[in-house]
Structures are given as structure tokens and as C-alpha cells.
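Enquirer: Have a peek at coords-v6.txt (compact mmCIF, C-alpha atoms).
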```
# COMPACT_ATOMS: atom_id res chain seq x y z
CA MET D 1 -11.00 -14.61 31.10
CA LYS D 2 -12.57 -11.14 31.42
CA ARG D 3 -15.93 -10.51 33.09
CA MET D 4 -18.35 -7.59 32.91
CA VAL D 5 -21.57 -7.29 34.89
CA LEU D 6 -24.36 -5.15 33.50
CA ILE D 7 -27.11 -4.31 35.96
CA ARG D 8 -30.22 -2.25 35.46
CA HIS D 9 -30.81 -0.02 38.48
CA GLY D 10 -33.20 -1.21 41.18
CA GLU D 11 -36.88 -0.30 41.00
CA SER D 12 -37.32 3.48 40.98
CA LEU D 13 -40.25 5.42 42.40
CA TRP D 14 -41.55 5.93 38.86
CA ASN D 15 -41.03 2.28 37.97
CA LYS D 16 -43.29 1.54 40.93
CA GLU D 17 -45.89 3.98 39.56
CA ASN D 18 -45.45 2.62 36.00
CA ARG D 19 -44.39 5.97 34.57
CA PHE D 20 -42.06 6.75 31.68
CA THR D 21 -38.86 8.03 33.28
CA GLY D 22 -36.13 8.54 30.69
CA TRP D 23 -33.75 11.32 31.70
CA THR D 24 -35.92 12.41 34.65
CA ASP D 25 -33.75 12.02 37.74
CA ILE D 26 -35.89 9.81 39.97
CA ASP D 27 -34.60 7.95 43.02
CA LEU D 28 -35.03 4.31 44.07
CA SER D 29 -38.06 2.93 45.85
CA GLU D 30 -37.63 0.88 49.03
CA LYS D 31 -37.86 -2.23 46.87
CA GLY D 32 -35.19 -0.81 44.57
CA ILE D 33 -32.85 -0.22 47.51
CA GLU D 34 -33.25 -3.83 48.58
CA GLU D 35 -32.70 -5.00 44.98
CA GLY D 36 -29.38 -3.15 44.93
CA ARG D 37 -28.26 -4.64 48.24
CA LYS D 38 -29.37 -8.14 47.19
CA ALA D 39 -27.41 -7.84 43.93
CA GLY D 40 -24.31 -6.82 45.88
CA ARG D 41 -24.59 -9.78 48.23
CA LEU D 42 -25.11 -12.15 45.31
CA LEU D 43 -22.12 -10.83 43.38
CA LYS D 44 -19.93 -11.10 46.47
CA GLU D 45 -21.06 -14.70 46.99
CA GLN D 46 -20.23 -15.42 43.34
CA GLY D 47 -16.65 -14.27 43.90
CA PHE D 48 -16.65 -11.07 41.86
CA HIS D 49 -14.06 -8.43 42.78
CA PHE D 50 -14.43 -5.43 40.50
CA ARG D 51 -11.52 -3.10 39.85
CA VAL D 52 -13.55 -0.30 38.25
CA ALA D 53 -17.22 0.69 37.88
CA TYR D 54 -19.34 2.69 35.46
CA THR D 55 -22.70 4.36 35.80
CA SER D 56 -24.88 7.07 34.27
CA TYR D 57 -25.60 10.61 35.48
CA LEU D 58 -28.96 9.51 36.95
CA ARG D 59 -29.30 8.89 40.67
CA ARG D 60 -31.24 5.64 40.43
CA ALA D 61 -28.28 4.02 38.68
CA ILE D 62 -25.69 5.78 40.84
CA ARG D 63 -27.40 4.77 44.08
CA THR D 64 -27.80 1.18 42.90
CA LEU D 65 -24.06 1.06 42.25
CA TRP D 66 -23.32 2.50 45.71
CA LEU D 67 -25.50 -0.16 47.33
CA ILE D 68 -23.81 -2.96 45.39
CA LEU D 69 -20.29 -1.74 46.12
CA ASP D 70 -21.16 -1.18 49.77
CA GLU D 71 -22.32 -4.79 50.13
CA MET D 72 -19.13 -5.95 48.41
CA ASP D 73 -16.78 -3.71 50.48
CA LEU D 74 -15.68 -2.07 47.23
CA LEU D 75 -16.67 1.55 47.80
CA TYR D 76 -13.04 2.55 47.26
CA ILE D 77 -12.78 1.52 43.60
CA PRO D 78 -12.85 4.16 40.83
CA VAL D 79 -16.34 5.01 39.52
CA TYR D 80 -16.75 6.66 36.14
CA LYS D 81 -20.00 8.43 35.26
CA SER D 82 -21.19 9.26 31.76
CA TRP D 83 -24.34 10.73 30.24
CA ARG D 84 -23.84 8.19 27.45
CA LEU D 85 -25.08 5.51 29.85
CA ASN D 86 -28.30 7.41 30.59
CA GLU D 87 -31.66 5.85 29.84
CA LYS D 88 -33.30 6.44 26.48
CA HIS D 89 -34.99 9.85 26.48
CA TYR D 90 -38.77 9.43 26.30
CA GLY D 91 -39.59 12.97 25.20
CA MET D 92 -43.14 14.13 25.91
CA LEU D 93 -43.93 10.77 27.53
CA GLN D 94 -41.66 11.44 30.51
CA GLY D 95 -43.71 11.41 33.70
CA LEU D 96 -46.80 9.88 32.10
CA ASN D 97 -48.33 6.64 33.34
CA LYS D 98 -47.75 3.91 30.77
CA LYS D 99 -51.17 2.26 31.01
CA GLU D 100 -53.00 5.61 30.95
CA THR D 101 -50.96 6.62 27.92
CA ALA D 102 -51.88 3.35 26.20
CA ALA D 103 -55.56 3.95 26.99
CA ARG D 104 -55.30 7.40 25.37
CA TYR D 105 -53.19 6.60 22.30
CA GLY D 106 -53.69 2.85 21.94
CA ASP D 107 -51.44 -0.11 22.68
CA GLU D 108 -49.94 -0.14 19.19
CA GLN D 109 -48.85 3.50 19.23
CA VAL D 110 -47.39 3.31 22.73
CA HIS D 111 -45.58 0.09 21.85
CA LEU D 112 -44.10 1.88 18.82
CA TRP D 113 -42.87 4.75 21.00
CA ARG D 114 -41.50 2.38 23.66
CA ARG D 115 -39.95 -0.28 21.50
CA SER D 116 -39.44 0.88 17.93
CA PHE D 117 -35.78 0.88 16.98
CA ASP D 118 -35.95 4.15 15.05
CA VAL D 119 -39.27 5.91 15.88
CA PRO D 120 -38.91 8.25 18.88
CA PRO D 121 -41.76 9.60 21.03
CA PRO D 122 -42.86 13.23 20.43
CA PRO D 123 -40.05 15.57 21.54
CA LEU D 124 -40.10 17.98 24.46
CA GLU D 125 -40.30 21.65 23.51
CA ASP D 126 -37.40 23.90 24.51
CA GLY D 127 -39.46 25.67 27.17
CA ASP D 128 -40.68 22.48 28.80
CA PRO D 129 -39.41 22.27 32.41
CA ARG D 130 -38.70 18.57 31.84
CA HIS D 131 -36.02 19.43 29.25
CA ALA D 132 -32.47 18.65 30.42
CA LYS D 133 -30.73 21.41 28.44
CA ASP D 134 -30.48 23.67 31.53
CA ASP D 135 -29.67 20.88 33.98
CA PRO D 136 -26.18 21.53 35.45
CA LYS D 137 -25.36 17.83 35.04
CA TYR D 138 -25.14 18.43 31.29
CA GLU D 139 -23.56 21.88 31.21
CA LYS D 140 -20.37 20.58 29.56
CA LEU D 141 -22.24 18.96 26.67
CA GLU D 142 -22.87 20.53 23.31
CA ARG D 143 -26.49 21.62 22.97
CA SER D 144 -26.95 19.05 20.21
CA GLN D 145 -25.94 16.26 22.61
CA VAL D 146 -28.84 16.94 24.99
CA PRO D 147 -31.86 15.17 23.47
CA ALA D 148 -35.50 16.23 23.50
CA THR D 149 -36.45 12.63 22.64
CA GLU D 150 -34.75 9.45 21.47
CA ALA D 151 -35.43 6.14 19.80
CA LEU D 152 -33.36 3.11 20.71
CA CYS D 153 -31.11 3.71 17.69
CA HIS D 154 -30.01 7.04 19.20
CA THR D 155 -29.25 5.38 22.54
CA VAL D 156 -27.16 2.75 20.75
CA ASP D 157 -25.30 5.49 18.85
CA ARG D 158 -24.15 7.16 22.08
CA VAL D 159 -23.49 3.99 24.12
CA VAL D 160 -21.37 2.02 21.63
CA PRO D 161 -18.56 4.63 21.29
CA TYR D 162 -18.33 4.74 25.10
CA TRP D 163 -17.93 0.97 25.20
CA GLU D 164 -15.26 1.01 22.50
CA ASP D 165 -13.28 4.02 23.74
CA GLU D 166 -13.58 3.74 27.53
CA MET D 167 -15.10 0.54 28.89
CA ALA D 168 -13.49 -2.09 26.68
CA PRO D 169 -9.91 -0.85 27.34
CA MET D 170 -10.60 -0.84 31.09
CA LEU D 171 -12.04 -4.35 30.93
CA ARG D 172 -8.99 -5.54 29.00
CA LYS D 173 -6.71 -3.94 31.62
CA HIS D 174 -8.50 -4.84 34.86
CA GLY D 175 -10.35 -8.06 34.06
CA GLU D 176 -13.61 -7.32 35.90
CA VAL D 177 -15.88 -4.28 35.65
CA ILE D 178 -19.45 -3.50 36.66
CA VAL D 179 -21.85 -1.18 34.84
CA SER D 180 -24.96 0.16 36.61
CA ALA D 181 -27.20 1.69 33.98
CA HIS D 182 -30.70 1.50 32.48
CA GLY D 183 -32.91 -0.80 30.45
CA ASN D 184 -32.24 0.80 27.09
CA SER D 185 -28.60 1.77 27.53
CA ILE D 186 -27.93 -1.83 28.58
CA ARG D 187 -29.88 -3.08 25.57
CA GLY D 188 -27.63 -0.92 23.40
CA ILE D 189 -24.50 -2.55 24.81
CA VAL D 190 -26.00 -6.04 24.54
CA LYS D 191 -27.09 -5.42 20.95
CA TYR D 192 -23.53 -4.50 20.01
CA LEU D 193 -21.80 -7.29 21.93
CA LYS D 194 -24.11 -10.05 20.67
CA ASP D 195 -24.69 -8.57 17.20
CA ILE D 196 -28.47 -8.68 17.69
CA SER D 197 -30.63 -7.43 14.84
CA ASN D 198 -32.62 -4.20 15.05
CA ARG D 199 -35.81 -6.27 15.18
CA ASP D 200 -34.74 -8.87 17.74
CA ILE D 201 -33.29 -6.40 20.24
CA LEU D 202 -36.77 -4.96 20.69
CA GLU D 203 -37.83 -8.19 22.39
CA LEU D 204 -35.07 -8.11 25.03
CA ASN D 205 -36.42 -7.04 28.43
CA ILE D 206 -33.95 -6.18 31.19
CA PRO D 207 -35.28 -6.72 34.75
CA THR D 208 -34.32 -4.30 37.52
CA GLY D 209 -31.64 -5.37 39.97
CA ILE D 210 -30.64 -8.65 38.28
CA PRO D 211 -26.90 -8.98 37.46
CA TYR D 212 -26.29 -9.83 33.79
CA VAL D 213 -22.82 -11.39 33.42
CA PHE D 214 -20.73 -11.34 30.23
CA GLU D 215 -17.56 -13.42 29.93
CA PHE D 216 -14.90 -12.69 27.30
CA ASP D 217 -11.62 -14.23 26.25
CA ASP D 218 -8.45 -12.16 26.49
CA ASP D 219 -9.17 -10.58 23.08
CA LEU D 220 -12.65 -9.54 24.30
CA ASN D 221 -14.47 -12.04 22.14
CA LEU D 222 -17.74 -12.88 23.87
CA VAL D 223 -17.72 -16.40 25.31
CA ARG D 224 -21.05 -16.52 27.16
CA ASP D 225 -23.64 -14.40 28.93
CA GLU D 226 -26.26 -15.12 31.56
CA PHE D 227 -28.41 -13.53 34.24
CA ILE D 228 -27.52 -14.52 37.80
CA GLY D 229 -30.62 -15.77 39.55
CA ASP D 230 -33.50 -18.18 39.29
CA PRO D 231 -34.32 -18.56 35.56
CA GLU D 232 -38.06 -18.77 36.20
CA GLU D 233 -38.00 -15.57 38.27
CA VAL D 234 -35.97 -13.78 35.58
CA ARG D 235 -38.49 -14.90 32.91
CA ARG D 236 -41.41 -13.68 35.02
CA LEU D 237 -39.80 -10.27 35.54
CA MET D 238 -39.10 -9.95 31.81
CA GLU D 239 -42.75 -10.63 31.04
CA GLN D 240 -43.84 -7.96 33.52
CA ILE D 241 -41.69 -5.39 31.72
CA ALA D 242 -43.06 -6.41 28.32
CA ASN D 243 -46.61 -5.80 29.56
CA GLN D 244 -46.05 -2.41 31.21
CA GLY D 245 -47.20 -0.34 28.24
CA LYS D 246 -50.51 -2.12 27.65
CA LYS D 247 -53.97 -0.98 28.63
```
Output the file's structure as C-alpha cells, nothing else.

Expert:
Amino acid sequence: MKRMVLIRHGESLWNKENRFTGWTDIDLSEKGIEEGRKAGRLLKEQGFHFRVAYTSYLRRAIRTLWLILDEMDLLYIPVYKSWRLNEKHYGMLQGLNKKETAARYGDEQVHLWRRSFDVPPPPLEDGDPRHAKDDPKYEKLERSQVPATEALCHTVDRVVPYWEDEMAPMLRKHGEVIVSAHGNSIRGIVKYLKDISNRDILELNIPTGIPYVFEFDDDLNLVRDEFIGDPEEVRRLMEQIANQGKK
């Protein structure tokens, strides 16, 4: 049996302020730090012992992983970082308050930008200081790989090859891996693993700091998946996320 844990980073400072974050490199809030530590304690209690870890280039995911591994006494294991695990890029929405944006453009339009599978938000212009093209984290990427905006389909397109080429072979070899990433990059992995339709994946909400466990047979066929935690609490947190972009 092989096991992979997907975890969305703990609450960030912009999550707390209900802002669109995307590729903006925002750190964890105090609550987010505690969510990371709590997840680490829970995973240790559940008997997980990861051999390798993955995360994005964004500090909220990196720090969450550090906190988890620290609680589990696993800071020594290899950690692989990839821009392909970054959050969906929210274009011109990055930094804007979600409810204020909904009040300006309407719930329907903001929902389309947030949750459409193939309709991205308006892109950032090249001269916009929020653009990541000059960020040293991405200096080794081709210019075309640094987005100015994304829809979920674009996030899926960059995440799935990373799963197939890097993560799946490591899971097959080591048996247990952990991935600290973001709501939409995790949704991209889940969509692929569970063969969820373009329409149905839009209804999946990933809470911050809650371990999401996937179990596979030795051929990496999915056997089962579940969030670790109180089901009622997980449901409540999912509903909160679904309502973030409404007036």
C-alpha cells in the first residue's frame, strides 16, 4: 500500500483578509502557523513516516511543510520544490479583496473568474509590479512558463506532468510522500487521480491545514481518499471557502 498526503498550506495573511493571492508570495498568519503544527502532530499520531516531500515555490506552502516536518521530527528528509505546484495565478485580481471585488463586478462574474475551468481572470500587464516574470524564483523558466493569469485548466496542465514524471515514481519507490501546496494545484492533482469532470471539480473546496490522504495499491491505482479530521468541521470549512467570493 502506498500513501500520499496532500495538504493545502495553513491560513495565510491574505486568506485572513479574504484577498486573492495566486502567485503573490504571502506568509502564514498566526492561525496558519498553528494549523501547520496541528497537522504535523495529527500525522505523527496517525503513524505516517514520510520519506520525501514536495512543495511549491511560495513561502506559505514551504513554511507549512517545515512546520509539519518539524512536529514529525522529519526535517532531514529530501524536499523538492516546483513552480508547477504553485497556486493558480489570479491575474489582475491578485491582492484584491474577494467580497469587494464581488460588490464591484457581481457575484456571477467573480465566481466565473474564481471557479471556471477555462475562463481566466484579466491578465496582469507586463509592467505591473505584481508580475512574476522578473522574480528571481522563476529566472530559470522560459518566459512563456510565467503566467500573467490562469484558469484552472492551465493549473491542471502544469501539475499533472509533474505528478506523472516526478511524484508518482517517488511514491512508487518510497511508499509515503507529502505534498504541501495550494487549493487549485491540489484540485488539479485530485481531478487527475479521481478522474473528476471539468464541471464537478469546480465544486471541490480544499480547506487550509487539513491533511487529505490518498491510498494506492502497488500499481498506484487509487484505493481510497479521505480528509483526516472531524467530518463536520471539514464540511464547515469547505462551505466557508465556497462563500468567500460572494458579496

Enquirer: Between CA of Lys38 in chain D and CA of Asn97 in chain D, measure the distance and give it in Å to one decimal.

Expert: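 Distance between the two atoms: 27.7 Å.
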
Enquirer: Using all atoms listed in the file, which of D:Met167, D:Val177, D:Val213, D:Ile241 sits nearest Ile228 in chain D?

Expert: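 Selected residue with least distance to Ile228 in chain D: D:Val213.
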
Enquirer: Sorted by chain and rising residue number, list the residues of range 81-200 of chain D at most 12 Å from range 13-25 of chain D (counting all atoms listed in the file), each with its closest atom pair and distance in Å to one decimal, as JSON lines.

Expert:
```
{"residue": "D:Trp83", "atom": "CA", "partner": "D:Trp23", "partner_atom": "CA", "distance": 9.5}
{"residue": "D:Arg84", "atom": "CA", "partner": "D:Trp23", "partner_atom": "CA", "distance": 11.2}
{"residue": "D:Leu85", "atom": "CA", "partner": "D:Trp23", "partner_atom": "CA", "distance": 10.6}
{"residue": "D:Asn86", "atom": "CA", "partner": "D:Trp23", "partner_atom": "CA", "distance": 6.8}
{"residue": "D:Glu87", "atom": "CA", "partner": "D:Gly22", "partner_atom": "CA", "distance": 5.3}
{"residue": "D:Lys88", "atom": "CA", "partner": "D:Gly22", "partner_atom": "CA", "distance": 5.5}
{"residue": "D:His89", "atom": "CA", "partner": "D:Gly22", "partner_atom": "CA", "distance": 4.6}
{"residue": "D:Tyr90", "atom": "CA", "partner": "D:Gly22", "partner_atom": "CA", "distance": 5.2}
{"residue": "D:Gly91", "atom": "CA", "partner": "D:Gly22", "partner_atom": "CA", "distance": 7.9}
{"residue": "D:Met92", "atom": "CA", "partner": "D:Phe20", "partner_atom": "CA", "distance": 9.4}
{"residue": "D:Leu93", "atom": "CA", "partner": "D:Phe20", "partner_atom": "CA", "distance": 6.1}
{"residue": "D:Gln94", "atom": "CA", "partner": "D:Phe20", "partner_atom": "CA", "distance": 4.9}
{"residue": "D:Gly95", "atom": "CA", "partner": "D:Phe20", "partner_atom": "CA", "distance": 5.3}
{"residue": "D:Leu96", "atom": "CA", "partner": "D:Arg19", "partner_atom": "CA", "distance": 5.2}
{"residue": "D:Asn97", "atom": "CA", "partner": "D:Arg19", "partner_atom": "CA", "distance": 4.2}
{"residue": "D:Lys98", "atom": "CA", "partner": "D:Arg19", "partner_atom": "CA", "distance": 5.5}
{"residue": "D:Lys99", "atom": "CA", "partner": "D:Asn18", "partner_atom": "CA", "distance": 7.6}
{"residue": "D:Glu100", "atom": "CA", "partner": "D:Arg19", "partner_atom": "CA", "distance": 9.3}
{"residue": "D:Thr101", "atom": "CA", "partner": "D:Arg19", "partner_atom": "CA", "distance": 9.4}
{"residue": "D:Ala102", "atom": "CA", "partner": "D:Arg19", "partner_atom": "CA", "distance": 11.5}
{"residue": "D:Val110", "atom": "CA", "partner": "D:Phe20", "partner_atom": "CA", "distance": 11.0}
{"residue": "D:Trp113", "atom": "CA", "partner": "D:Phe20", "partner_atom": "CA", "distance": 10.9}
{"residue": "D:Arg114", "atom": "CA", "partner": "D:Phe20", "partner_atom": "CA", "distance": 9.2}
{"residue": "D:Pro121", "atom": "CA", "partner": "D:Phe20", "partner_atom": "CA", "distance": 11.0}
{"residue": "D:Leu124", "atom": "CA", "partner": "D:Trp23", "partner_atom": "CA", "distance": 11.7}
{"residue": "D:Pro129", "atom": "CA", "partner": "D:Thr24", "partner_atom": "CA", "distance": 10.7}
{"residue": "D:Arg130", "atom": "CA", "partner": "D:Thr24", "partner_atom": "CA", "distance": 7.3}
{"residue": "D:His131", "atom": "CA", "partner": "D:Trp23", "partner_atom": "CA", "distance": 8.8}
{"residue": "D:Ala132", "atom": "CA", "partner": "D:Trp23", "partner_atom": "CA", "distance": 7.6}
{"residue": "D:Lys133", "atom": "CA", "partner": "D:Trp23", "partner_atom": "CA", "distance": 11.0}
{"residue": "D:Asp135", "atom": "CA", "partner": "D:Asp25", "partner_atom": "CA", "distance": 10.5}
{"residue": "D:Lys137", "atom": "CA", "partner": "D:Asp25", "partner_atom": "CA", "distance": 10.6}
{"residue": "D:Tyr138", "atom": "CA", "partner": "D:Trp23", "partner_atom": "CA", "distance": 11.2}
{"residue": "D:Val146", "atom": "CA", "partner": "D:Trp23", "partner_atom": "CA", "distance": 10.0}
{"residue": "D:Pro147", "atom": "CA", "partner": "D:Trp23", "partner_atom": "CA", "distance": 9.3}
{"residue": "D:Ala148", "atom": "CA", "partner": "D:Trp23", "partner_atom": "CA", "distance": 9.7}
{"residue": "D:Thr149", "atom": "CA", "partner": "D:Gly22", "partner_atom": "CA", "distance": 9.0}
{"residue": "D:Glu150", "atom": "CA", "partner": "D:Gly22", "partner_atom": "CA", "distance": 9.4}
{"residue": "D:Ala151", "atom": "CA", "partner": "D:Gly22", "partner_atom": "CA", "distance": 11.2}
{"residue": "D:Leu152", "atom": "CA", "partner": "D:Gly22", "partner_atom": "CA", "distance": 11.7}
{"residue": "D:Thr155", "atom": "CA", "partner": "D:Gly22", "partner_atom": "CA", "distance": 11.1}
{"residue": "D:Ala181", "atom": "CA", "partner": "D:Gly22", "partner_atom": "CA", "distance": 11.7}
{"residue": "D:His182", "atom": "CA", "partner": "D:Gly22", "partner_atom": "CA", "distance": 9.1}
{"residue": "D:Gly183", "atom": "CA", "partner": "D:Gly22", "partner_atom": "CA", "distance": 9.9}
{"residue": "D:Asn184", "atom": "CA", "partner": "D:Gly22", "partner_atom": "CA", "distance": 9.4}
{"residue": "D:Ser185", "atom": "CA", "partner": "D:Gly22", "partner_atom": "CA", "distance": 10.6}
```

Enquirer: Would you be able to write out as a ChimeraX atom specification which residues have an atom within 12 Å of (-18.2, 2.3, 42.4) in the file's coordinates, counting only C-alpha atoms?

Expert: /D:40,49-56,61-81,177-180

Enquirer: Which of these, D:Glu232, D:Glu239, D:Glu11, D:Asp107, has the shortest distance to Asn205 in chain D once you count all atoms listed in the file?

Expert: D:Glu239

Enquirer: Quick check, in Å to one decimal: how far apart do CA of Arg8 in chain D and CA of Leu204 in chain D lie?

Expert: 12.9 Å

Enquirer: By how many Å are CA of Gly175 in chain D and CA of Gly36 in chain D apart?

Expert: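 Calculated distance between CA of Gly175 in chain D and CA of Gly36 in chain D is 22.5 Å.
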
Enquirer: For Ile210 in chain D, which residue among D:Asp27, D:Asp134, D:Glu34, D:Glu176 is the nearest when counting only C-alpha atoms?

Expert: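 Using only C-alpha atoms, Ile210 in chain D sits closest to D:Glu34.
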
Enquirer: Rebuild range 15-37 of chain D so that it carries N, CA, C and O atoms, then output the result as a short mmCIF file (atom, residue, chain, number, x, y, z; two decimals), in the coordinates of the input.

Expert:
```cif
data_model
loop_
_atom_site.label_atom_id
_atom_site.label_comp_id
_atom_site.auth_asym_id
_atom_site.auth_seq_id
_atom_site.Cartn_x
_atom_site.Cartn_y
_atom_site.Cartn_z
N ASN D 15 -40.78 3.66 38.37
CA ASN D 15 -41.03 2.28 37.97
C ASN D 15 -42.22 1.74 38.76
O ASN D 15 -43.11 1.08 38.21
N LYS D 16 -42.22 2.01 40.04
CA LYS D 16 -43.29 1.54 40.93
C LYS D 16 -44.64 2.10 40.49
O LYS D 16 -45.67 1.41 40.57
N GLU D 17 -44.65 3.35 40.01
CA GLU D 17 -45.89 3.98 39.56
C GLU D 17 -46.16 3.75 38.08
O GLU D 17 -47.12 4.30 37.54
N ASN D 18 -45.31 2.96 37.42
CA ASN D 18 -45.45 2.62 36.00
C ASN D 18 -45.45 3.85 35.10
O ASN D 18 -46.23 3.97 34.16
N ARG D 19 -44.53 4.76 35.39
CA ARG D 19 -44.39 5.97 34.57
C ARG D 19 -43.17 5.87 33.65
O ARG D 19 -42.19 5.22 33.98
N PHE D 20 -43.24 6.58 32.53
CA PHE D 20 -42.06 6.75 31.68
C PHE D 20 -41.09 7.68 32.41
O PHE D 20 -41.47 8.76 32.84
N THR D 21 -39.83 7.26 32.51
CA THR D 21 -38.86 8.03 33.28
C THR D 21 -37.83 8.71 32.40
O THR D 21 -37.63 9.92 32.48
N GLY D 22 -37.13 7.94 31.57
CA GLY D 22 -36.13 8.54 30.69
C GLY D 22 -35.04 9.26 31.44
O GLY D 22 -34.42 8.72 32.34
N TRP D 23 -34.80 10.53 31.07
CA TRP D 23 -33.75 11.32 31.70
C TRP D 23 -34.21 12.01 32.98
O TRP D 23 -33.43 12.72 33.61
N THR D 24 -35.46 11.83 33.39
CA THR D 24 -35.92 12.41 34.65
C THR D 24 -35.18 11.74 35.79
O THR D 24 -35.07 10.51 35.84
N ASP D 25 -34.67 12.54 36.72
CA ASP D 25 -33.75 12.02 37.74
C ASP D 25 -34.51 11.57 38.98
O ASP D 25 -34.59 12.28 39.99
N ILE D 26 -35.05 10.36 38.92
CA ILE D 26 -35.89 9.81 39.97
C ILE D 26 -35.10 8.81 40.80
O ILE D 26 -34.30 8.04 40.27
N ASP D 27 -35.35 8.81 42.11
CA ASP D 27 -34.60 7.95 43.02
C ASP D 27 -35.23 6.55 43.12
O ASP D 27 -36.30 6.29 42.57
N LEU D 28 -34.56 5.67 43.87
CA LEU D 28 -35.03 4.31 44.07
C LEU D 28 -36.19 4.25 45.06
O LEU D 28 -36.28 5.06 45.98
N SER D 29 -37.04 3.27 44.86
CA SER D 29 -38.06 2.93 45.85
C SER D 29 -37.41 2.07 46.94
O SER D 29 -36.24 1.67 46.83
N GLU D 30 -38.16 1.77 48.00
CA GLU D 30 -37.63 0.88 49.03
C GLU D 30 -37.28 -0.48 48.43
O GLU D 30 -36.27 -1.09 48.78
N LYS D 31 -38.14 -0.96 47.54
CA LYS D 31 -37.86 -2.23 46.87
C LYS D 31 -36.58 -2.13 46.06
O LYS D 31 -35.77 -3.07 46.04
N GLY D 32 -36.39 -1.00 45.37
CA GLY D 32 -35.19 -0.81 44.57
C GLY D 32 -33.92 -0.80 45.40
O GLY D 32 -32.88 -1.32 44.97
N ILE D 33 -34.00 -0.22 46.61
CA ILE D 33 -32.85 -0.22 47.51
C ILE D 33 -32.50 -1.65 47.90
O ILE D 33 -31.33 -2.05 47.88
N GLU D 34 -33.50 -2.44 48.21
CA GLU D 34 -33.25 -3.83 48.58
C GLU D 34 -32.72 -4.64 47.39
O GLU D 34 -31.86 -5.51 47.55
N GLU D 35 -33.21 -4.32 46.17
CA GLU D 35 -32.70 -5.00 44.98
C GLU D 35 -31.21 -4.73 44.80
O GLU D 35 -30.44 -5.63 44.45
N GLY D 36 -30.80 -3.49 45.05
CA GLY D 36 -29.38 -3.15 44.93
C GLY D 36 -28.54 -3.90 45.95
O GLY D 36 -27.48 -4.45 45.63
N ARG D 37 -29.00 -3.93 47.19
CA ARG D 37 -28.26 -4.64 48.24
C ARG D 37 -28.20 -6.15 47.95
O ARG D 37 -27.15 -6.78 48.12
#
```
